[in-house]
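For reference, start29.pdb (PDB, N, CA and C atoms):
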ATOM      1  N   MET U 246      35.220  -0.698  -1.948
ATOM      2  CA  MET U 246      33.999  -0.411  -1.235
ATOM      3  C   MET U 246      32.856  -0.200  -2.204
ATOM      4  N   GLY U 247      31.679  -0.562  -1.751
ATOM      5  CA  GLY U 247      30.482  -0.358  -2.550
ATOM      6  C   GLY U 247      29.975   1.064  -2.406
ATOM      7  N   ARG U 248      28.893   1.304  -3.020
ATOM      8  CA  ARG U 248      28.299   2.633  -2.910
ATOM      9  C   ARG U 248      26.916   2.517  -2.303
ATOM     10  N   SER U 249      26.475   3.533  -1.656
ATOM     11  CA  SER U 249      25.152   3.571  -1.054
ATOM     12  C   SER U 249      24.146   4.041  -2.094
ATOM     13  N   ILE U 250      22.998   3.405  -2.096
ATOM     14  CA  ILE U 250      21.940   3.777  -3.020
ATOM     15  C   ILE U 250      20.686   4.066  -2.203
ATOM     16  N   LYS U 251      20.110   5.219  -2.405
ATOM     17  CA  LYS U 251      18.867   5.559  -1.735
ATOM     18  C   LYS U 251      17.726   5.258  -2.690
ATOM     19  N   SER U 252      16.780   4.460  -2.221
ATOM     20  CA  SER U 252      15.641   4.129  -3.075
ATOM     21  C   SER U 252      14.697   5.328  -3.166
ATOM     22  N   LYS U 253      13.954   5.379  -4.260
ATOM     23  CA  LYS U 253      13.001   6.466  -4.457
ATOM     24  C   LYS U 253      11.776   6.283  -3.568
ATOM     25  N   TYR U 254      11.443   5.017  -3.265
ATOM     26  CA  TYR U 254      10.269   4.705  -2.455
ATOM     27  C   TYR U 254      10.660   3.832  -1.273
ATOM     28  N   ALA U 255       9.800   3.822  -0.258
ATOM     29  CA  ALA U 255       9.974   2.951   0.897
ATOM     30  C   ALA U 255       8.631   2.278   1.184
ATOM     31  N   ILE U 256       8.695   1.084   1.776
ATOM     32  CA  ILE U 256       7.480   0.411   2.211
ATOM     33  C   ILE U 256       7.443   0.470   3.734
ATOM     34  N   VAL U 257       6.315   0.888   4.277
ATOM     35  CA  VAL U 257       6.133   1.000   5.721
ATOM     36  C   VAL U 257       5.027   0.022   6.097
ATOM     37  N   THR U 258       5.374  -0.925   6.975
ATOM     38  CA  THR U 258       4.401  -1.949   7.379
ATOM     39  C   THR U 258       4.127  -1.846   8.874
ATOM     40  N   THR U 259       2.927  -2.226   9.251
ATOM     41  CA  THR U 259       2.545  -2.325  10.653
ATOM     42  C   THR U 259       1.991  -3.722  10.857
ATOM     43  N   ASP U 260       2.511  -4.411  11.886
ATOM     44  CA  ASP U 260       2.018  -5.765  12.157
ATOM     45  C   ASP U 260       1.604  -5.890  13.613
ATOM     46  N   SER U 261       1.080  -7.070  13.935
ATOM     47  CA  SER U 261       0.495  -7.321  15.242
ATOM     48  C   SER U 261       1.527  -7.600  16.326
ATOM     49  N   VAL U 262       2.789  -7.818  15.977
ATOM     50  CA  VAL U 262       3.806  -8.193  16.959
ATOM     51  C   VAL U 262       4.891  -7.127  17.094
ATOM     52  N   PHE U 263       5.503  -6.725  15.980
ATOM     53  CA  PHE U 263       6.664  -5.847  16.016
ATOM     54  C   PHE U 263       6.330  -4.368  15.853
ATOM     55  N   GLY U 264       5.108  -4.037  15.501
ATOM     56  CA  GLY U 264       4.731  -2.647  15.313
ATOM     57  C   GLY U 264       5.044  -2.155  13.909
ATOM     58  N   THR U 265       5.585  -0.952  13.797
ATOM     59  CA  THR U 265       5.850  -0.337  12.500
ATOM     60  C   THR U 265       7.303  -0.555  12.082
ATOM     61  N   ASN U 266       7.486  -0.969  10.830
ATOM     62  CA  ASN U 266       8.808  -1.189  10.248
ATOM     63  C   ASN U 266       8.837  -0.570   8.864
ATOM     64  N   SER U 267      10.025  -0.233   8.392
ATOM     65  CA  SER U 267      10.145   0.291   7.036
ATOM     66  C   SER U 267      11.330  -0.354   6.336
ATOM     67  N   ALA U 268      11.243  -0.393   5.013
ATOM     68  CA  ALA U 268      12.294  -0.970   4.177
ATOM     69  C   ALA U 268      12.260  -0.272   2.825
ATOM     70  N   CYS U 269      13.304  -0.469   2.056
ATOM     71  CA  CYS U 269      13.373   0.129   0.716
ATOM     72  C   CYS U 269      12.432  -0.599  -0.238
ATOM     73  N   TRP U 270      11.834   0.130  -1.132
ATOM     74  CA  TRP U 270      11.030  -0.430  -2.216
ATOM     75  C   TRP U 270      11.743  -0.083  -3.510
ATOM     76  N   PHE U 271      12.498  -1.051  -4.043
ATOM     77  CA  PHE U 271      13.212  -0.830  -5.291
ATOM     78  C   PHE U 271      12.326  -1.242  -6.454
ATOM     79  N   VAL U 272      12.076  -0.330  -7.370
ATOM     80  CA  VAL U 272      11.172  -0.561  -8.496
ATOM     81  C   VAL U 272      11.678  -1.699  -9.385
ATOM     82  N   ASP U 273      12.992  -1.811  -9.562
ATOM     83  CA  ASP U 273      13.513  -2.872 -10.432
ATOM     84  C   ASP U 273      13.329  -4.263  -9.830
ATOM     85  N   ARG U 274      13.188  -4.381  -8.527
ATOM     86  CA  ARG U 274      12.969  -5.688  -7.876
ATOM     87  C   ARG U 274      11.495  -5.960  -7.587
ATOM     88  N   ASN U 275      10.778  -4.944  -7.128
ATOM     89  CA  ASN U 275       9.404  -5.123  -6.654
ATOM     90  C   ASN U 275       8.341  -4.645  -7.632
ATOM     91  N   GLY U 276       8.734  -3.985  -8.694
ATOM     92  CA  GLY U 276       7.773  -3.450  -9.647
ATOM     93  C   GLY U 276       7.379  -2.029  -9.275
ATOM     94  N   THR U 277       6.579  -1.432 -10.110
ATOM     95  CA  THR U 277       6.142  -0.058  -9.858
ATOM     96  C   THR U 277       5.307  -0.008  -8.586
ATOM     97  N   SER U 278       5.210   1.150  -8.027
ATOM     98  CA  SER U 278       4.490   1.312  -6.765
ATOM     99  C   SER U 278       2.996   1.470  -7.040
ATOM    100  N   ASN U 279       2.327   0.322  -7.208
ATOM    101  CA  ASN U 279       0.878   0.338  -7.421
ATOM    102  C   ASN U 279       0.220  -0.688  -6.501
ATOM    103  N   LYS U 280      -1.096  -0.686  -6.482
ATOM    104  CA  LYS U 280      -1.845  -1.529  -5.545
ATOM    105  C   LYS U 280      -1.610  -3.020  -5.798
ATOM    106  N   ALA U 281      -1.558  -3.426  -7.044
ATOM    107  CA  ALA U 281      -1.363  -4.843  -7.364
ATOM    108  C   ALA U 281      -0.008  -5.351  -6.866
ATOM    109  N   ASN U 282       1.044  -4.572  -7.073
ATOM    110  CA  ASN U 282       2.373  -4.986  -6.622
ATOM    111  C   ASN U 282       2.484  -4.978  -5.096
ATOM    112  N   LEU U 283       1.823  -4.026  -4.447
ATOM    113  CA  LEU U 283       1.828  -3.993  -2.993
ATOM    114  C   LEU U 283       1.097  -5.205  -2.430
ATOM    115  N   GLU U 284      -0.061  -5.550  -3.004
ATOM    116  CA  GLU U 284      -0.791  -6.734  -2.549
ATOM    117  C   GLU U 284       0.005  -8.014  -2.790
ATOM    118  N   ALA U 285       0.717  -8.092  -3.908
ATOM    119  CA  ALA U 285       1.567  -9.253  -4.180
ATOM    120  C   ALA U 285       2.691  -9.348  -3.151
ATOM    121  N   TRP U 286       3.271  -8.218  -2.769
ATOM    122  CA  TRP U 286       4.325  -8.212  -1.753
ATOM    123  C   TRP U 286       3.782  -8.677  -0.404
ATOM    124  N   VAL U 287       2.599  -8.177  -0.024
ATOM    125  CA  VAL U 287       1.979  -8.566   1.249
ATOM    126  C   VAL U 287       1.686 -10.066   1.251
ATOM    127  N   ASN U 288       1.139 -10.593   0.153
ATOM    128  CA  ASN U 288       0.850 -12.025   0.077
ATOM    129  C   ASN U 288       2.123 -12.859   0.163
ATOM    130  N   ALA U 289       3.192 -12.412  -0.491
ATOM    131  CA  ALA U 289       4.472 -13.123  -0.428
ATOM    132  C   ALA U 289       5.037 -13.093   0.986
ATOM    133  N   TYR U 290       4.887 -11.978   1.671
ATOM    134  CA  TYR U 290       5.351 -11.885   3.063
ATOM    135  C   TYR U 290       4.590 -12.865   3.947
ATOM    136  N   HIS U 291       3.263 -12.893   3.803
ATOM    137  CA  HIS U 291       2.468 -13.816   4.619
ATOM    138  C   HIS U 291       2.808 -15.272   4.309
ATOM    139  N   GLU U 292       3.083 -15.588   3.052
ATOM    140  CA  GLU U 292       3.515 -16.947   2.695
ATOM    141  C   GLU U 292       4.847 -17.293   3.351
ATOM    142  N   SER U 293       5.728 -16.317   3.475
ATOM    143  CA  SER U 293       7.045 -16.576   4.061
ATOM    144  C   SER U 293       6.966 -16.879   5.551
ATOM    145  N   LEU U 294       5.843 -16.539   6.202
ATOM    146  CA  LEU U 294       5.670 -16.810   7.625
ATOM    147  C   LEU U 294       5.242 -18.244   7.905
ATOM    148  N   LYS U 295       4.774 -18.938   6.895
ATOM    149  CA  LYS U 295       4.297 -20.313   7.070
ATOM    150  C   LYS U 295       5.471 -21.265   7.290
ATOM    151  N   PRO U 296       5.213 -22.451   7.856
ATOM    152  CA  PRO U 296       6.288 -23.428   8.055
ATOM    153  C   PRO U 296       7.018 -23.715   6.745
ATOM    154  N   GLY U 297       8.343 -23.684   6.804
ATOM    155  CA  GLY U 297       9.162 -23.885   5.620
ATOM    156  C   GLY U 297       9.519 -22.591   4.906
ATOM    157  N   GLY U 298       8.888 -21.496   5.273
ATOM    158  CA  GLY U 298       9.182 -20.204   4.660
ATOM    159  C   GLY U 298      10.396 -19.558   5.302
ATOM    160  N   CYS U 299      10.956 -18.564   4.629
ATOM    161  CA  CYS U 299      12.181 -17.932   5.134
ATOM    162  C   CYS U 299      11.952 -17.136   6.418
ATOM    163  N   ASN U 300      10.722 -16.745   6.713
ATOM    164  CA  ASN U 300      10.421 -16.022   7.953
ATOM    165  C   ASN U 300       9.631 -16.867   8.942
ATOM    166  N   ALA U 301       9.645 -18.180   8.786
ATOM    167  CA  ALA U 301       8.890 -19.062   9.674
ATOM    168  C   ALA U 301       9.333 -18.921  11.127
ATOM    169  N   HIS U 302      10.603 -18.607  11.335
ATOM    170  CA  HIS U 302      11.109 -18.457  12.700
ATOM    171  C   HIS U 302      10.439 -17.297  13.439
ATOM    172  N   LEU U 303       9.935 -16.309  12.712
ATOM    173  CA  LEU U 303       9.239 -15.191  13.353
ATOM    174  C   LEU U 303       7.893 -15.614  13.920
ATOM    175  N   SER U 304       7.292 -16.647  13.340
ATOM    176  CA  SER U 304       5.969 -17.108  13.748
ATOM    177  C   SER U 304       6.003 -17.922  15.034
ATOM    178  N   ASN U 305       7.187 -18.341  15.470
ATOM    179  CA  ASN U 305       7.304 -19.185  16.651
ATOM    180  C   ASN U 305       7.563 -18.394  17.921
ATOM    181  N   GLY U 306       7.493 -17.095  17.864
ATOM    182  CA  GLY U 306       7.756 -16.256  19.027
ATOM    183  C   GLY U 306       6.625 -16.321  20.036
ATOM    184  N   PRO U 307       6.846 -15.783  21.221
ATOM    185  CA  PRO U 307       5.833 -15.837  22.276
ATOM    186  C   PRO U 307       4.565 -15.040  21.963
ATOM    187  N   LYS U 308       4.669 -14.061  21.071
ATOM    188  CA  LYS U 308       3.494 -13.243  20.738
ATOM    189  C   LYS U 308       2.753 -13.765  19.516
ATOM    190  N   GLY U 309       3.248 -14.804  18.866
ATOM    191  CA  GLY U 309       2.571 -15.382  17.714
ATOM    192  C   GLY U 309       3.057 -14.832  16.389
ATOM    193  N   MET U 310       2.270 -15.090  15.359
ATOM    194  CA  MET U 310       2.634 -14.738  13.990
ATOM    195  C   MET U 310       2.438 -13.238  13.744
ATOM    196  N   PRO U 311       3.448 -12.564  13.187
ATOM    197  CA  PRO U 311       3.331 -11.119  12.930
ATOM    198  C   PRO U 311       2.539 -10.821  11.651
ATOM    199  N   ILE U 312       1.238 -10.891  11.733
ATOM    200  CA  ILE U 312       0.352 -10.638  10.596
ATOM    201  C   ILE U 312       0.299  -9.131  10.323
ATOM    202  N   LEU U 313       0.431  -8.755   9.065
ATOM    203  CA  LEU U 313       0.379  -7.338   8.707
ATOM    204  C   LEU U 313      -1.033  -6.790   8.879
ATOM    205  N   THR U 314      -1.119  -5.631   9.485
ATOM    206  CA  THR U 314      -2.404  -4.943   9.604
ATOM    207  C   THR U 314      -2.514  -3.819   8.580
ATOM    208  N   SER U 315      -1.366  -3.287   8.149
ATOM    209  CA  SER U 315      -1.371  -2.278   7.088
ATOM    210  C   SER U 315       0.007  -2.226   6.441
ATOM    211  N   ALA U 316       0.019  -1.759   5.215
ATOM    212  CA  ALA U 316       1.265  -1.550   4.468
ATOM    213  C   ALA U 316       1.038  -0.382   3.526
ATOM    214  N   LYS U 317       2.072   0.418   3.349
ATOM    215  CA  LYS U 317       1.953   1.537   2.417
ATOM    216  C   LYS U 317       3.302   1.787   1.770
ATOM    217  N   ILE U 318       3.250   2.241   0.533
ATOM    218  CA  ILE U 318       4.454   2.660  -0.171
ATOM    219  C   ILE U 318       4.460   4.176  -0.135
ATOM    220  N   VAL U 319       5.575   4.721   0.331
ATOM    221  CA  VAL U 319       5.706   6.175   0.466
ATOM    222  C   VAL U 319       6.928   6.648  -0.303
ATOM    223  N   LYS U 320       6.947   7.930  -0.624
ATOM    224  CA  LYS U 320       8.155   8.518  -1.211
ATOM    225  C   LYS U 320       9.222   8.550  -0.121
ATOM    226  N   ASN U 321      10.423   8.170  -0.473
ATOM    227  CA  ASN U 321      11.508   8.074   0.500
ATOM    228  C   ASN U 321      12.221   9.420   0.616
ATOM    229  N   ASP U 322      11.500  10.391   1.155
ATOM    230  CA  ASP U 322      12.058  11.714   1.407
ATOM    231  C   ASP U 322      11.506  12.214   2.735
ATOM    232  N   GLN U 323      11.714  13.452   3.053
ATOM    233  CA  GLN U 323      11.265  13.973   4.340
ATOM    234  C   GLN U 323       9.750  14.044   4.462
ATOM    235  N   ARG U 324       9.051  14.239   3.358
ATOM    236  CA  ARG U 324       7.589  14.379   3.414
ATOM    237  C   ARG U 324       6.876  13.052   3.574
ATOM    238  N   LYS U 325       7.422  11.977   3.026
ATOM    239  CA  LYS U 325       6.839  10.630   3.111
ATOM    240  C   LYS U 325       5.407  10.596   2.570
ATOM    241  N   ASP U 326       5.183  11.209   1.397
ATOM    242  CA  ASP U 326       3.863  11.180   0.769
ATOM    243  C   ASP U 326       3.481   9.745   0.445
ATOM    244  N   VAL U 327       2.253   9.371   0.764
ATOM    245  CA  VAL U 327       1.769   8.012   0.527
ATOM    246  C   VAL U 327       1.401   7.854  -0.943
ATOM    247  N   ILE U 328       1.968   6.823  -1.582
ATOM    248  CA  ILE U 328       1.679   6.520  -2.976
ATOM    249  C   ILE U 328       0.500   5.563  -3.059
ATOM    250  N   VAL U 329       0.570   4.476  -2.303
ATOM    251  CA  VAL U 329      -0.497   3.477  -2.280
ATOM    252  C   VAL U 329      -0.534   2.837  -0.898
ATOM    253  N   ARG U 330      -1.732   2.421  -0.482
ATOM    254  CA  ARG U 330      -1.911   1.875   0.865
ATOM    255  C   ARG U 330      -2.718   0.582   0.799
ATOM    256  N   TRP U 331      -2.382  -0.362   1.685
ATOM    257  CA  TRP U 331      -3.122  -1.619   1.839
ATOM    258  C   TRP U 331      -3.479  -1.751   3.309
ATOM    259  N   ASP U 332      -4.747  -2.053   3.588
ATOM    260  CA  ASP U 332      -5.197  -2.310   4.957
ATOM    261  C   ASP U 332      -5.785  -3.706   5.012
ATOM    262  N   ALA U 333      -5.486  -4.408   6.085
ATOM    263  CA  ALA U 333      -5.989  -5.774   6.250
ATOM    264  C   ALA U 333      -7.506  -5.752   6.384
ATOM    265  N   PRO U 334      -8.178  -6.748   5.814
ATOM    266  CA  PRO U 334      -9.625  -6.838   6.001
ATOM    267  C   PRO U 334      -9.949  -7.234   7.442
ATOM    268  N   ALA U 335     -11.201  -7.138   7.823
ATOM    269  CA  ALA U 335     -11.600  -7.488   9.187
ATOM    270  C   ALA U 335     -11.277  -8.952   9.511
ATOM    271  N   PHE U 336     -11.455  -9.841   8.536
ATOM    272  CA  PHE U 336     -11.133 -11.257   8.713
ATOM    273  C   PHE U 336     -10.253 -11.690   7.546
ATOM    274  N   MET U 337      -9.109 -12.302   7.868
ATOM    275  CA  MET U 337      -8.167 -12.689   6.843
ATOM    276  C   MET U 337      -7.602 -14.065   7.193
ATOM    277  N   VAL U 338      -7.593 -14.966   6.228
ATOM    278  CA  VAL U 338      -7.031 -16.296   6.424
ATOM    279  C   VAL U 338      -5.651 -16.322   5.779
ATOM    280  N   ILE U 339      -4.671 -16.745   6.529
ATOM    281  CA  ILE U 339      -3.303 -16.817   6.032
ATOM    282  C   ILE U 339      -2.982 -18.254   5.656
TER     283      ILE U 339
END

Whole structure given in structure tokens:
Amino acid sequence: MGRSIKSKYAIVTTDSVFGTNSACWFVDRNGTSNKANLEAWVNAYHESLKPGGCNAHLSNGPKGMPILTSAKIVKNDQRKDVIVRWDAPAFMVI
């Protein structure tokens, strides 16, 4: 059996279709929790929604493409202190 690993940080995203979701933010995979790395993650996610991307199937749903409206990296503990935050601009081209 493997072992469970709790990440030090989590990413919490809000989109136009599914609402709020959270996932682990592993520093060794995603880089340190700073604004540049968060923006790179958001851009990579939006690229994955395009045709041919690994999340393209999400874009074909009845509610449309799940565009992120906000994303934040928080400490993965009970307090959930925000480390860095990204908010979508008023107009964004994907």

Could you state which residues are captured by the PyMOL selection byres ((chain U and resi 319) around 6) in this file, as a VMD selection string?
chain U and resid 253 to 257 317 to 318 320 to 321 325 to 329

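The space separating atom N of Val287 in chain U from CA of Lys251 in chain U comes to 21.4 Å.
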
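Looking only at chain U, the set that DSSP places in alpha helix (DSSP H) from backbone geometry is U:Val272, U:Asp273, U:Arg274, U:Asn275, U:Lys280, U:Ala281, U:Asn282, U:Leu283, U:Glu284, U:Ala285, U:Trp286, U:Val287, U:Asn288, U:Ala289, U:Tyr290, U:His291, U:Glu292, U:Ser293.
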
CA of Asp322 in chain U and CA of Tyr290 in chain U, how far apart in Å?
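Interatomic distance here is 24.6 Å.
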
I'd like the interatomic distance between atom C of Trp331 in chain U and atom C of Asn305 in chain U, to a tenth of an Å.
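Calculated distance between atom C of Trp331 in chain U and atom C of Asn305 in chain U is 24.7 Å.
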
Could you list, as JSON, numbers by chain, every residue matched by the PyMOL selection byres ((chain U and resi 311) around 8) in this structure?
{"U": [259, 260, 261, 262, 263, 264, 291, 294, 303, 304, 305, 306, 308, 309, 310, 312, 313, 314]}

Please give the complete set of residues from chain U that DSSP, run on the backbone, assigns to strand (DSSP E), formatted as a PyMOL selection string.
chain U and resi 254-260+264-270+313-320+327-332

How big is the axis-aligned box, and where does its centre sit, when it encloses all atoms of range 289-307 of chain U listed in the file and has 4 Å added on every side, reported in Å to one decimal as lines of an AutoDock Vina configuration file?
center_x = 7.3
center_y = -17.9
center_z = 10.9
size_x = 17.7
size_y = 20.0
size_z = 30.8
